[in-house]
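Input: a single structure, listed below in structure tokens.
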Amino acid sequence: MDDARELILQDVRCFHDEQRGRLRPITLLVGENSTGKTTFLGCFRVLHRMFSGLTLDEFLDFNEEPFAMGSFRDIVRSRRGPSGRIDEFKIGLRIDRAPDDIMSPYELSVTFYEKGSEPVASSLRFQFDSDAFLELRSGEDGTIVQIPDCAEEMNGVPLVHAMLMLNLLIDPPDWTRSRPGLPTLKPIADYLHGLFPRREVTSRPPAIPRSIGVELPNLPELISVAPLRSKPKRTYDPIRETASPEGEHVPMLMMRLDRTDTPHWKSLHDDLVKFGRGAGLFADIKVKRHGKQTNDPFQLQVKVRSGSHANLMDVGYGVSQSLPILVDVLERSDRRREHKCAFLLQQPEVHLHPRGQAELASLFVQAFKKSGNRFLIETHSDYIIDRVRISVRKGLLKPDDVSVLYFEPRGSAVAIHNMTLDKHGNLLDAPGGYRDFFVKETDELLGFAD
């Protein structure tokens with residue numbers, strides 16, 4: 001999300017007219033059930049996959065866990081009546097750049113159609129603020145059949161190759177010499193060079209190559225966390241430490257650090273205990289070994305307030321449900337890590353007491369401040385929202401660090417409202433539907449008449 005500033009959806013499930021959600025370091029998705037918040041997260045994940053250098057077959061997967069979005073007809077908006085059914089949908093990103101970047105801001109959108117029962121990319125469009133645009137359209141075989149003002153020899157070039165080529169750095173003027181494996185893409189390179197004016201950067205040494213005209217988004221590593229995490233076990237048998245949205249890898253990671261990297265484990269342990277005490281969840285946590293080898297069984301034990309340690313199975317469910325989030329966020333906020341992450345979190349507050357929910361929000365704020373990691377959070381928790389607002393009021397966050405997206409149902413469709421905060425943590429631009437619900441509840445609590 002480093003470059004991405006808005007997610008764009010059109011004709012995706014409950015989203016009718018084009019809807020835009022502003023993306024900031026901490027983005028909160030709020031609204032009633034079944035208003036498209038999880039769909040919003042799933043679409044962002046698909047775009048992330050598309051522009052992270054994966055292959056064509058992989059980046060069209062709308063069903064990678066935890067976002068099982070179904071077939072094309074499950075994803076495209078349903079429409080009945082004389083207008084007929086809808087045969088394509090669009091998702092996209094608004095990409096901004098730093099003020100000193102030679103690239104212009106642009107919007108990148110991908111249109112999908114149905115092939116068999118699956119969504120397949122049919123076009124890729126770059127729309128620039130200068131009103132110039134580049135649009136690549138593909139035929140049924142996945143190759144380009146249309147590109148504005150470009151030579152016919154582009155026909156037959158796979159759309160995915162052209163997409164990946166857009167991000168190449170080249171040495172002008174003879175880029176084919178430096179990229180001999182892609183000579184058929186020279187027409188699109190020539191087209192991009194003349195697409196829109198560039199600002200000259202006199203401080204750049206001439207030996208450093210420059211882009212051909214369009215750079216794909218700079219997106220951080222993505223970590224998805226499911227709304228329900230894996231159930232705790234009384235005893236764990238070591239298996240592969242493969243990350244999963246349900247957090248099945250977390251006990252294995254904790255065991256490995258405890259047995260092979262004592263300083264690292266101590267740092268993580270201390271951070272976990274600090275959170276556990278602040279949230280009222282636990283006073284200590286440890287890995288109990290059943291043998292000296294890394295492949296021997298082990299247990300996770302927790303001390304709640306005072307007394308002795310108890311098995312993770314025997315304490316409140318909130319501990320085991322929050323542990324995958326805590327470990328992943330704390331681990332990936334370590335200053336030793338070079339690359340930033342973006343977390344897609346679904347209802348991180350599940351099974352947590354309000355105190356724990358508020359502390360969880362503080363953890364996200366601290367992680368962003370420490371490492372620059374981003375958070376896109378689907379939540380029903382007032383305590384998470386309020387703690388983020390308090391962080392702005394206290395100066396821990398800037399107002400521009402936070403975006404609150406309210407998903408408002410309108411009949412069979414949903415509208416996304418972009419809300420921001422002022423320096424006091426007050427919500428700005430809140431629509432009537434948001435205020436009607438929350439203000440009414442507060443008024444009733446205070447004893448005011450309807």
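Ordering of the structure tokens sets the chain letters (A, B, ...), residue numbers begin anew at 1 in every chain, and ligands are numbered from 1 in the order given.
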
Can you check which parts of region 332-437 of chain A lie within 12 Å of region 73-92 of chain A? Per residue, the shortest pair of atoms and distance in Å to one decimal, counting only C-alpha atoms, sorted by chain and number, as CSV.
```
residue,atom,partner,partner_atom,distance
A:Ser412,CA,A:Ser78,CA,9.6
A:Ala413,CA,A:Arg77,CA,9.2
A:Val414,CA,A:Arg77,CA,11.2
```

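Interatomic distance, CA of Lys286 (chain A) against CA of Met255 (chain A): 9.2 Å.
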
| message | List as a PyMOL selection string the protein and nucleic acid residues near region 227-233 of chain A, meaning an atom at most 7 Å away when only C-alpha atoms are counted, but skip any in the same chain fewer than 3 places from it. | response | chain A and resi 236+246-248+312-313+320-321+346-348

| Using the chain letters and numbers from this document, which residues of region 330-359 of chain A does DSSP assign to helix (DSSP H, G or I), as a PyMOL selection string? | chain A and resi 330-331+354-359

| said: Report, in Å with one decimal, the straight-line distance from CA of Asp436 (chain A) to CA of Glu408 (chain A). | reply: 11.7 Å

| task | Can you work out which one of A:Met50, A:Glu114, A:Tyr106, A:Met252 has the shortest atom-to-atom distance to Ser71 (chain A), counting only C-alpha atoms? | result | A:Glu114

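Counting only C-alpha atoms, the residue from A:Arg49, A:Lys37, A:His290, A:Arg24 that sits nearest to Pro409 (chain A) is A:Lys37.
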
| query | Could you name the residues that touch region 396-407 of chain A at 7 Å or less, counting only C-alpha atoms, but leaving out those on the same chain fewer than 6 positions away, as an MDAnalysis selection string? | reply | chainID A and resid 21:31 35 414:423

Print the selection's residues with N, CA and C atoms to a file, as a CSV table (one decimal), in the first residue's frame.
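Here's the written file again_2.csv:
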```csv
chain,number,residue,atom,x,y,z
A,21,GLY,N,-12.3,3.5,-1.9
A,21,GLY,CA,-12.0,3.5,-0.5
A,21,GLY,C,-10.6,4.0,-0.4
A,22,ARG,N,-10.4,5.1,0.4
A,22,ARG,CA,-9.1,5.7,0.7
A,22,ARG,C,-8.3,4.8,1.5
A,23,LEU,N,-7.0,4.6,1.1
A,23,LEU,CA,-6.1,3.7,1.8
A,23,LEU,C,-5.0,4.6,2.5
A,24,ARG,N,-4.9,4.4,3.8
A,24,ARG,CA,-3.8,5.1,4.6
A,24,ARG,C,-3.1,4.1,5.5
A,25,PRO,N,-2.1,4.5,6.2
A,25,PRO,CA,-1.3,3.5,7.0
A,25,PRO,C,-2.2,2.6,7.9
A,26,ILE,N,-3.2,3.3,8.5
A,26,ILE,CA,-4.2,2.5,9.3
A,26,ILE,C,-5.6,2.8,8.7
A,27,THR,N,-6.2,1.8,8.1
A,27,THR,CA,-7.5,2.0,7.4
A,27,THR,C,-8.5,1.1,8.1
A,28,LEU,N,-9.5,1.6,8.6
A,28,LEU,CA,-10.6,0.9,9.4
A,28,LEU,C,-11.8,0.8,8.5
A,29,LEU,N,-12.3,-0.5,8.4
A,29,LEU,CA,-13.5,-0.8,7.6
A,29,LEU,C,-14.6,-1.1,8.6
A,30,VAL,N,-15.7,-0.3,8.6
A,30,VAL,CA,-16.7,-0.4,9.5
A,30,VAL,C,-18.1,-0.4,8.8
A,31,GLY,N,-19.1,-1.1,9.4
A,31,GLY,CA,-20.4,-1.1,8.8
A,31,GLY,C,-21.1,-2.4,9.2
A,35,THR,N,-21.9,-6.1,4.1
A,35,THR,CA,-21.9,-4.9,3.4
A,35,THR,C,-20.6,-4.8,2.5
A,414,VAL,N,-24.3,-1.1,-2.0
A,414,VAL,CA,-23.6,-0.5,-0.8
A,414,VAL,C,-22.7,0.6,-1.3
A,415,ALA,N,-22.7,1.7,-0.6
A,415,ALA,CA,-21.8,2.9,-0.9
A,415,ALA,C,-20.7,2.9,0.2
A,416,ILE,N,-19.5,3.3,-0.3
A,416,ILE,CA,-18.4,3.5,0.6
A,416,ILE,C,-18.2,4.9,0.9
A,417,HIS,N,-18.3,5.3,2.2
A,417,HIS,CA,-18.0,6.7,2.6
A,417,HIS,C,-16.6,6.8,3.2
A,418,ASN,N,-15.9,7.7,2.7
A,418,ASN,CA,-14.5,8.0,3.2
A,418,ASN,C,-14.6,9.0,4.3
A,419,MET,N,-14.2,8.6,5.5
A,419,MET,CA,-14.2,9.5,6.7
A,419,MET,C,-12.7,9.7,7.1
A,420,THR,N,-12.5,10.9,7.6
A,420,THR,CA,-11.1,11.2,8.1
A,420,THR,C,-11.2,11.8,9.6
A,421,LEU,N,-10.1,12.1,10.2
A,421,LEU,CA,-10.1,12.6,11.5
A,421,LEU,C,-9.4,14.0,11.5
A,422,ASP,N,-9.8,14.8,12.4
A,422,ASP,CA,-9.1,16.0,12.6
A,422,ASP,C,-8.0,15.8,13.7
A,423,LYS,N,-7.3,16.8,14.1
A,423,LYS,CA,-6.2,16.6,15.0
A,423,LYS,C,-6.6,16.3,16.4
```

| field | CA of Lys369 (chain A) to CA of Thr260 (chain A), distance in Å rounded to a single decimal | value | 29.0 Å

| request: Determine which residues of region 195-397 of chain A receive a DSSP assignment of strand (DSSP E), computed from the backbone, and state them as a ChimeraX atom specification. | output: /A:210-211,221-225,284-289,298-303,310-311,341-346,374-378
